[in-house]
Number of protein chains: 2
Amino acid sequence: MPNTLKYVLPDKQIPASWVNVLPYLKEPLDPPLNPATRQPIGPEALAPIFPMALIEQDIPGEVLDIYRLWRPTPLYRARRLEKALDTPAKIYYKYEGVSPAGSHKPNTAVAQAYYNKQAGVKRLATETGAGQWGSALSLASRMFGLECTVYMVRVSYDQKPYRRMMMNVWGGEVFPSPSPHTQSGRAVLAAHPDSPGSLGIAISEAVEDAATHDDTNYSLGSVLNHVLLHQTVIGQEAKLQMALAGDAPDVVIGCFGGGSNFGGIALPYVPDKLNGSPVRLLAVEPSACPSLTRGAYAYDFGDLAKLTPLLKMYTLGHDFVPPGIHAGGLRYHGASPLASNLLKNRIIEAKAYKQTPVFEAAVQFARTEGILPAPEAAHAIRAAFDEAIAAREEDRPRTILFCLSGHGHFDLSAYDAYLSGQLQDYEHPGAEIAEAMESLP
Amino acid sequence: MPNTLKYVLPDKQIPASWVNVLPYLKEPLDPPLNPATRQPIGPEALAPIFPMALIEQDIPGEVLDIYRLWRPTPLYRARRLEKALDTPAKIYYKYEGVSPAGSHKPNTAVAQAYYNKQAGVKRLATETGAGQWGSALSLASRMFGLECTVYMVRVSYDQKPYRRMMMNVWGGEVFPSPSPHTQSGRAVLAAHPDSPGSLGIAISEAVEDAATHDDTNYSLGSVLNHVLLHQTVIGQEAKLQMALAGDAPDVVIGCFGGGSNFGGIALPYVPDKLNGSPVRLLAVEPSACPSLTRGAYAYDFGDLAKLTPLLKMYTLGHDFVPPGIHAGGLRYHGASPLASNLLKNRIIEAKAYKQTPVFEAAVQFARTEGILPAPEAAHAIRAAFDEAIAAREEDRPRTILFCLSGHGHFDLSAYDAYLSGQLQDYEHPGAEIAEAMESLP
């Protein structure tokens with residue numbers, strides 16, 4: 001039996017529509033609240049910053065045409081890893097790092113750029129932390145002839161120049177945040193000229209930029225329903241590929257920051273689960289930012305500056321500043337309201353890991369399967385390892401499917417820190433969370 | 001008509017054998033010469049550093065099993081680029097950047113690691129400049145349980161830490177060269193403690209390491225016949241994919257450093273050409289290191305220290321030190337003897353470009369097709385542009401196929417230099433070449 005088992009779909013099997021799980025929920029989603037009035041707001045209130053068509057479910061032909069540049073993405077069975085772990089479990093992974101930007105993020109970036117182009121928008125504004133989302137939106141904007149402005153957290157702007165350069169190659173305009181280009185940025189700079197910035201400040205700048213320019217919309221790369229919706233191409237393809245393999249997962253695993261990668265692989269399994277399938281859906285987050293496993297289920301702001309609508313979600317408090325772990329894409333105080341609803345109703349489960357065991361798994365994965373994983377994706381790998389080890393200890397088969405959300409080409413300094421014994425683990429930040437919880441509205 | 005046209009082969013269409021063009025040559029290859037006696041040497045004289053099975057042509061099952069991790073690689077038609085160039089030409093590209101190491105190099109690294117494992121070798125030693133080849137061999141060695149020692153030119157070791165870290169993740173041991181681990185290295189360090197190193201010194205260290213350890217073989221990533229042979233999977237797949245597209249190339253283009261990428265895409269077309277096909281085979285090199293377009297066709301050493309056999313090839317002289325262009329993989333004074341023979345006999349043609357027009361083409365490619373190209377691969381893109389522009393000016397169709405040999409994720413500082421107007425072009429180094437030519441044996 002070969003060690004490499006790869007399941008590839010023809011282009012025509014890219015899904016024709018996204019999967020909307022809202023009709024399947026046990027209890028309906030709580031509505032977003034107006035940050036000033038605290039009254040429920042409908043999608044129409046978001047029109048100044050989002051085009052309405054974003055909630056549609058059929059994938060437009062122009063979006064599919066760009067998806068085809070890298071989709072369908074491959075699904076592998078990790079036979080070399082199974083042998084190394086000496087497990088009776090079967091481990092499958094869906095690899096999203098083959099997109100030009102290197103992660104799953106373009107799945108929604110392309111859709112958002114398309115709908116904004118249709119709506120006559122000329123420019124998109126967004127924030128980015130480590131740069132993964134800003135790269136995806138710069139690429140997608142360029143494909144539709146839109147301009148793209150990215151407010152990049154200054155500390156990342158200085159420390160991860162390659163991501164900034166990648167956005168520039170695709171024509172993205174990148175400002176270190178806080179910047180002098182917005183009132184929010186200028187206010188921070190006046191008080192703290194050397195501010196390293198934060199995702200909260202960068203969101204405020206991008207939202208203000210969009211709100212103050214008629215031709216400009218704001219674009220968000222995770223958390224919101226339409227973002228998770230766009231990512232469901234991942235899980236739909238994976239289901240077809242698992243069928244090609246003649247298999248079905250006992251557990252589906254995704255890393256969890258805002259929720260878009262986890263939603264992408266897991267949401268298409270939610271209807272099955274509600275129809276009685278025993279499949280487990282496991283979200284994996286960092287112990288340093290444990291919104292799902294330690295957060296409160298409450299209304300909170302999406303940003304530090306309290307500019308966004310209030311969302312009902314698992315949150316550590318919008319004042320919470322996570323420690324500087326290497327999985328920058330998982331450092332968010334809140335969580336997708338949709339995923340939060342599913343967790344509250346026990347349709348999905350959640351688990352948290354410290355970064356040292358995560359990198360241990362990532363290195364073993366790279367040495368058996370070849371692909372160098374992003375630190376975010378490595379959280380899913382760690383959970384897959386533990387499922388495989390549990391199967392070995394129980395001496396029972398188990399079929400594991402996880403999403404390898406991206407490659408780690410721009411995260412090699414984190415691997416270097418791990419291999420040289422310099423990786424720092426952060427304790428569960430109990431006191432900081434308790435303090436931040438007091439910021440809940 | 002969609003803009004994305006992608007031609008994907010099933011795993012079973014990975015070629016079962018490599019293409020050996022030696023029987024097709026108009027004149028036989030000149031043999032390598034013993035560096036001491038200047039007498040012809042046969043393959044058996046290379047046994048101390050290479051396993052004999054490297055010249056076999058059927059691809060072993062264990063090699064195919066690893067090829068399947070990323071092969072067959074996709075072939076695209078660049079419709080968005082064609083529109084941007086307003087050309088009647090059809091442009092196709094074969095993308096080799098989907099391998100875990102990010103280039104075509106693993107095609108031969110895996111084969112070489114396999115044959116060395118079969119021969120009972122425990123460790124491979126090699127040199128690397130910018131790190132592309134060292135990464136590929138570290139990965140391949142790990143897949144077969146071999147140790148891997150890489151002598152990395154010190155200036156690259158210091159300036160491109162990500163490539164060094166990538167090798168470490170795959171278990172490769174990386175020494176900056178000159179190193180204190182070999183006599184060659186110590187000699188250089190004694191004379192020049194701050195030496196930035198060179199490919200010539202690094203080759204000497206790796207060859208010495210292999211020659212002085214019974215369990216260790218030397219491995220080379222380009223130039224030699226067996227390396228080009230292993231790369232012919234690229235062109236064989238491309239031929240099948242062009243047939244899927246219902247098309248055939250008028251011109252096949254590859255970038256040229258030592259010759260392995262060009263050989264990979266072009267050699268499978270050589271028998272057709274010798275049977276009367278009008279297809280043109282175009283090798284593209286940097287003006288800063290123009291071995292094919294300005295070199296002498298003569299016997300020369302492969303390295304500065306004169307440790308290697310003498311090879312009949314186009315060469316600028318083994319003393320030639322190319323300017324510091326960003327396409328580090330194309331900075332070699334010599335050329336594959338096989339490709340040199342084909343050029344001498346006018347079966348292939350060659351062209352040289354300065355790096356500014358190369359990066360101009362690379363940025364336009366990234367902005368239309370999405371993928372960020374390696375600077376080496378961008379030489380082939382530039383030539384494809386000019387073929388497409390010529391077709392427009394002649395108002396005649398033309399079918400262009402080029403190899404996109406790798407991604408540029410570790411080369412973003414070069415793009416940054418280009419975009420900020422800091423990229424330096426080197427004049428054709430005529431005087432330096434004339435001087436180096438005096439070193440010809």
# chains A, B, ... in the order shown; residues from 1 in each chain; ligands from 1
>>> closest_atom_pairs(of="chain A", to="chain B", cutoff="9 Å", atoms="only C-alpha atoms", output="CSV")
residue,atom,partner,partner_atom,distance
A:Pro2,CA,B:Asp65,CA,6.2
A:Asn3,CA,B:Asp65,CA,6.5
A:Thr4,CA,B:Asp65,CA,5.8
A:Leu5,CA,B:Arg68,CA,8.0
A:Lys6,CA,B:Leu69,CA,7.3
A:Val8,CA,B:Pro10,CA,7.9
A:Pro10,CA,B:Val8,CA,7.9
A:Asp11,CA,B:Lys6,CA,8.2
A:Gly61,CA,B:Pro2,CA,8.8
A:Glu62,CA,B:Pro2,CA,8.4
A:Asp65,CA,B:Thr4,CA,5.8
A:Ile66,CA,B:Thr4,CA,6.7
A:Tyr67,CA,B:Thr4,CA,8.7
A:Arg68,CA,B:Thr4,CA,6.3
A:Leu69,CA,B:Thr4,CA,6.2
A:Tyr76,CA,B:Leu69,CA,8.5
A:Val98,CA,B:Val98,CA,7.1
A:Ser99,CA,B:Ile371,CA,8.4
A:Pro100,CA,B:Ile371,CA,5.1
A:Ala101,CA,B:Ile371,CA,8.1
A:Leu139,CA,B:Gly370,CA,6.7
A:Ala140,CA,B:Gly370,CA,8.8
A:Arg142,CA,B:Arg367,CA,6.5
A:Met143,CA,B:Thr368,CA,6.8
A:Pro161,CA,B:Ser413,CA,8.4
A:Tyr162,CA,B:Leu412,CA,5.8
A:Arg163,CA,B:Leu412,CA,8.5
A:Met165,CA,B:Asp416,CA,5.9
A:Met166,CA,B:Leu412,CA,6.7
A:Asn168,CA,B:Asp416,CA,8.0
A:Val169,CA,B:Val363,CA,6.2
A:Trp170,CA,B:Arg367,CA,5.4
A:Gly171,CA,B:Arg367,CA,7.5
A:Val363,CA,B:Val169,CA,6.2
A:Gln364,CA,B:Val169,CA,8.9
A:Ala366,CA,B:Trp170,CA,6.6
A:Arg367,CA,B:Trp170,CA,5.4
A:Thr368,CA,B:Met143,CA,6.8
A:Glu369,CA,B:Leu69,CA,8.2
A:Gly370,CA,B:Pro100,CA,5.9
A:Ile371,CA,B:Pro100,CA,5.1
A:Leu372,CA,B:Pro100,CA,7.1
A:His409,CA,B:His409,CA,7.0
A:Phe410,CA,B:His409,CA,7.8
A:Asp411,CA,B:Tyr162,CA,8.6
A:Leu412,CA,B:Tyr162,CA,5.8
A:Ser413,CA,B:Tyr162,CA,7.1
A:Tyr415,CA,B:Val169,CA,7.1
A:Asp416,CA,B:Met165,CA,5.9
A:Leu419,CA,B:Val169,CA,7.7
>>> residues_around(residues="Ala266 in chain B", least_positions_apart="4", cutoff="7 Å", atoms="only C-alpha atoms", output="mmCIF file with C-alpha atoms, in the first residue's frame")
data_model
loop_
_atom_site.group_PDB
_atom_site.id
_atom_site.type_symbol
_atom_site.label_atom_id
_atom_site.label_comp_id
_atom_site.auth_asym_id
_atom_site.auth_seq_id
_atom_site.Cartn_x
_atom_site.Cartn_y
_atom_site.Cartn_z
ATOM 1 C CA GLY B 235 8.196 18.253 -19.360
ATOM 2 C CA VAL B 252 9.207 26.088 -24.583
ATOM 3 C CA PHE B 262 15.370 24.185 -18.242
ATOM 4 C CA VAL B 270 14.234 17.259 -27.824
ATOM 5 C CA LEU B 281 13.520 25.476 -26.871
#
>>> atom_distance(atom1="CA of Asn107 in chain B", atom2="CA of His230 in chain B")
6.2 Å
>>> closest_residue(among="A:Ser198, A:Gln159, A:Ser219, A:Asn261", to="Leu137 in chain A", atoms="only C-alpha atoms")
A:Ser219
>>> select_by_dssp(residues="range 281-425 of chain A", states="alpha helix (DSSP H)", output="number ranges by chain")
A: 291-294, 337-344, 355-369, 375-394, 412-419
>>> closest_residue(among="B:Glu127, B:Glu237, B:Glu208, B:Asp319", to="Ser439 in chain B", atoms="only C-alpha atoms")
B:Asp319
>>> atom_distance(atom1="CA of Lys83 in chain A", atom2="CA of His379 in chain A")
20.4 Å
>>> residues_around(residues="range 240-251 of chain B", least_positions_apart="2", cutoff="7 Å", atoms="only C-alpha atoms", output="PyMOL selection string")
chain B and resi 7+75+236-238+253+279-281+398-401
>>> write_last_selection(atoms="all heavy atoms", output="tab-separated table (two decimals), in the first residue's frame")
chain	number	residue	atom	x	y	z
B	7	TYR	N	-5.08	22.57	-16.05
B	7	TYR	CA	-5.05	21.20	-16.58
B	7	TYR	C	-4.38	20.30	-15.56
B	7	TYR	O	-3.19	20.45	-15.27
B	7	TYR	CB	-4.36	21.17	-17.95
B	7	TYR	CG	-5.06	22.10	-18.91
B	7	TYR	CD1	-4.63	23.41	-19.09
B	7	TYR	CD2	-6.22	21.68	-19.56
B	7	TYR	CE1	-5.33	24.28	-19.92
B	7	TYR	CE2	-6.92	22.55	-20.40
B	7	TYR	CZ	-6.46	23.85	-20.58
B	7	TYR	OH	-7.16	24.70	-21.37
B	75	LEU	N	-0.80	22.58	-14.68
B	75	LEU	CA	-0.46	23.43	-15.83
B	75	LEU	C	-1.62	24.40	-16.02
B	75	LEU	O	-2.78	24.00	-15.97
B	75	LEU	CB	-0.25	22.61	-17.10
B	75	LEU	CG	0.10	23.44	-18.34
B	75	LEU	CD1	1.47	23.04	-18.90
B	75	LEU	CD2	-0.95	23.31	-19.44
B	236	GLN	N	7.46	15.93	-19.30
B	236	GLN	CA	6.57	14.84	-19.70
B	236	GLN	C	5.14	15.11	-19.26
B	236	GLN	O	4.19	14.89	-20.03
B	236	GLN	CB	7.06	13.52	-19.08
B	236	GLN	CG	8.35	13.01	-19.67
B	236	GLN	CD	8.69	11.66	-19.07
B	236	GLN	OE1	8.16	10.63	-19.46
B	236	GLN	NE2	9.59	11.65	-18.10
B	237	GLU	N	4.98	15.58	-18.03
B	237	GLU	CA	3.63	15.94	-17.58
B	237	GLU	C	3.08	17.08	-18.43
B	237	GLU	O	1.90	17.08	-18.81
B	237	GLU	CB	3.64	16.36	-16.11
B	237	GLU	CG	3.81	15.21	-15.13
B	237	GLU	CD	3.81	15.69	-13.68
B	237	GLU	OE1	3.55	16.89	-13.43
B	237	GLU	OE2	4.08	14.87	-12.80
B	238	ALA	N	3.94	18.06	-18.70
B	238	ALA	CA	3.47	19.23	-19.47
B	238	ALA	C	2.97	18.81	-20.84
B	238	ALA	O	1.96	19.35	-21.33
B	238	ALA	CB	4.60	20.25	-19.60
B	253	ILE	N	10.02	27.43	-22.72
B	253	ILE	CA	10.96	28.33	-22.06
B	253	ILE	C	11.25	27.88	-20.64
B	253	ILE	O	10.35	27.54	-19.88
B	253	ILE	CB	10.37	29.76	-22.02
B	253	ILE	CG1	10.01	30.24	-23.44
B	253	ILE	CG2	11.34	30.74	-21.36
B	253	ILE	CD1	9.24	31.55	-23.47
B	279	VAL	N	9.28	23.14	-32.90
B	279	VAL	CA	9.26	23.75	-31.57
B	279	VAL	C	10.62	24.36	-31.23
B	279	VAL	O	11.68	23.77	-31.52
B	279	VAL	CB	8.84	22.71	-30.49
B	279	VAL	CG1	9.84	21.57	-30.39
B	279	VAL	CG2	8.63	23.38	-29.14
B	280	ARG	N	10.59	25.57	-30.66
B	280	ARG	CA	11.81	26.22	-30.20
B	280	ARG	C	11.99	25.97	-28.72
B	280	ARG	O	11.03	25.99	-27.96
B	280	ARG	CB	11.75	27.73	-30.46
B	280	ARG	CG	11.76	28.10	-31.94
B	280	ARG	CD	11.33	29.56	-32.14
B	280	ARG	NE	12.06	30.42	-31.22
B	280	ARG	CZ	11.52	31.46	-30.56
B	280	ARG	NH1	10.24	31.75	-30.71
B	280	ARG	NH2	12.24	32.18	-29.75
B	281	LEU	N	13.22	25.75	-28.28
B	281	LEU	CA	13.52	25.48	-26.87
B	281	LEU	C	14.45	26.58	-26.38
B	281	LEU	O	15.59	26.67	-26.84
B	281	LEU	CB	14.17	24.09	-26.73
B	281	LEU	CG	13.39	22.94	-27.39
B	281	LEU	CD1	14.18	21.63	-27.32
B	281	LEU	CD2	12.02	22.77	-26.75
B	398	ARG	N	0.67	32.47	-31.40
B	398	ARG	CA	1.88	31.76	-31.00
B	398	ARG	C	1.54	31.05	-29.68
B	398	ARG	O	0.88	31.65	-28.83
B	398	ARG	CB	3.02	32.76	-30.78
B	398	ARG	CG	4.37	32.13	-30.44
B	398	ARG	CD	5.47	33.18	-30.30
B	398	ARG	NE	5.56	34.10	-31.44
B	398	ARG	CZ	6.66	34.82	-31.73
B	398	ARG	NH1	7.76	34.70	-30.99
B	398	ARG	NH2	6.67	35.67	-32.74
B	399	THR	N	1.96	29.82	-29.52
B	399	THR	CA	1.68	29.10	-28.29
B	399	THR	C	2.97	28.98	-27.48
B	399	THR	O	3.95	28.40	-27.95
B	399	THR	CB	1.08	27.71	-28.58
B	399	THR	OG1	-0.13	27.91	-29.32
B	399	THR	CG2	0.76	26.99	-27.29
B	400	ILE	N	2.92	29.56	-26.27
B	400	ILE	CA	4.10	29.67	-25.43
B	400	ILE	C	3.92	28.79	-24.20
B	400	ILE	O	2.86	28.83	-23.56
B	400	ILE	CB	4.28	31.14	-24.99
B	400	ILE	CG1	4.43	32.05	-26.21
B	400	ILE	CG2	5.46	31.29	-24.03
B	400	ILE	CD1	4.17	33.53	-25.91
B	401	LEU	N	4.91	28.00	-23.86
B	401	LEU	CA	4.89	27.19	-22.63
B	401	LEU	C	6.13	27.54	-21.84
B	401	LEU	O	7.24	27.48	-22.37
B	401	LEU	CB	4.89	25.70	-22.98
B	401	LEU	CG	5.22	24.73	-21.82
B	401	LEU	CD1	4.15	24.78	-20.73
B	401	LEU	CD2	5.37	23.30	-22.36
>>> select_by_dssp(residues="range 298-397 of chain A", states="strand (DSSP E or B)", output="PyMOL selection string")
chain A and resi 298-301+310-315+349-353+373
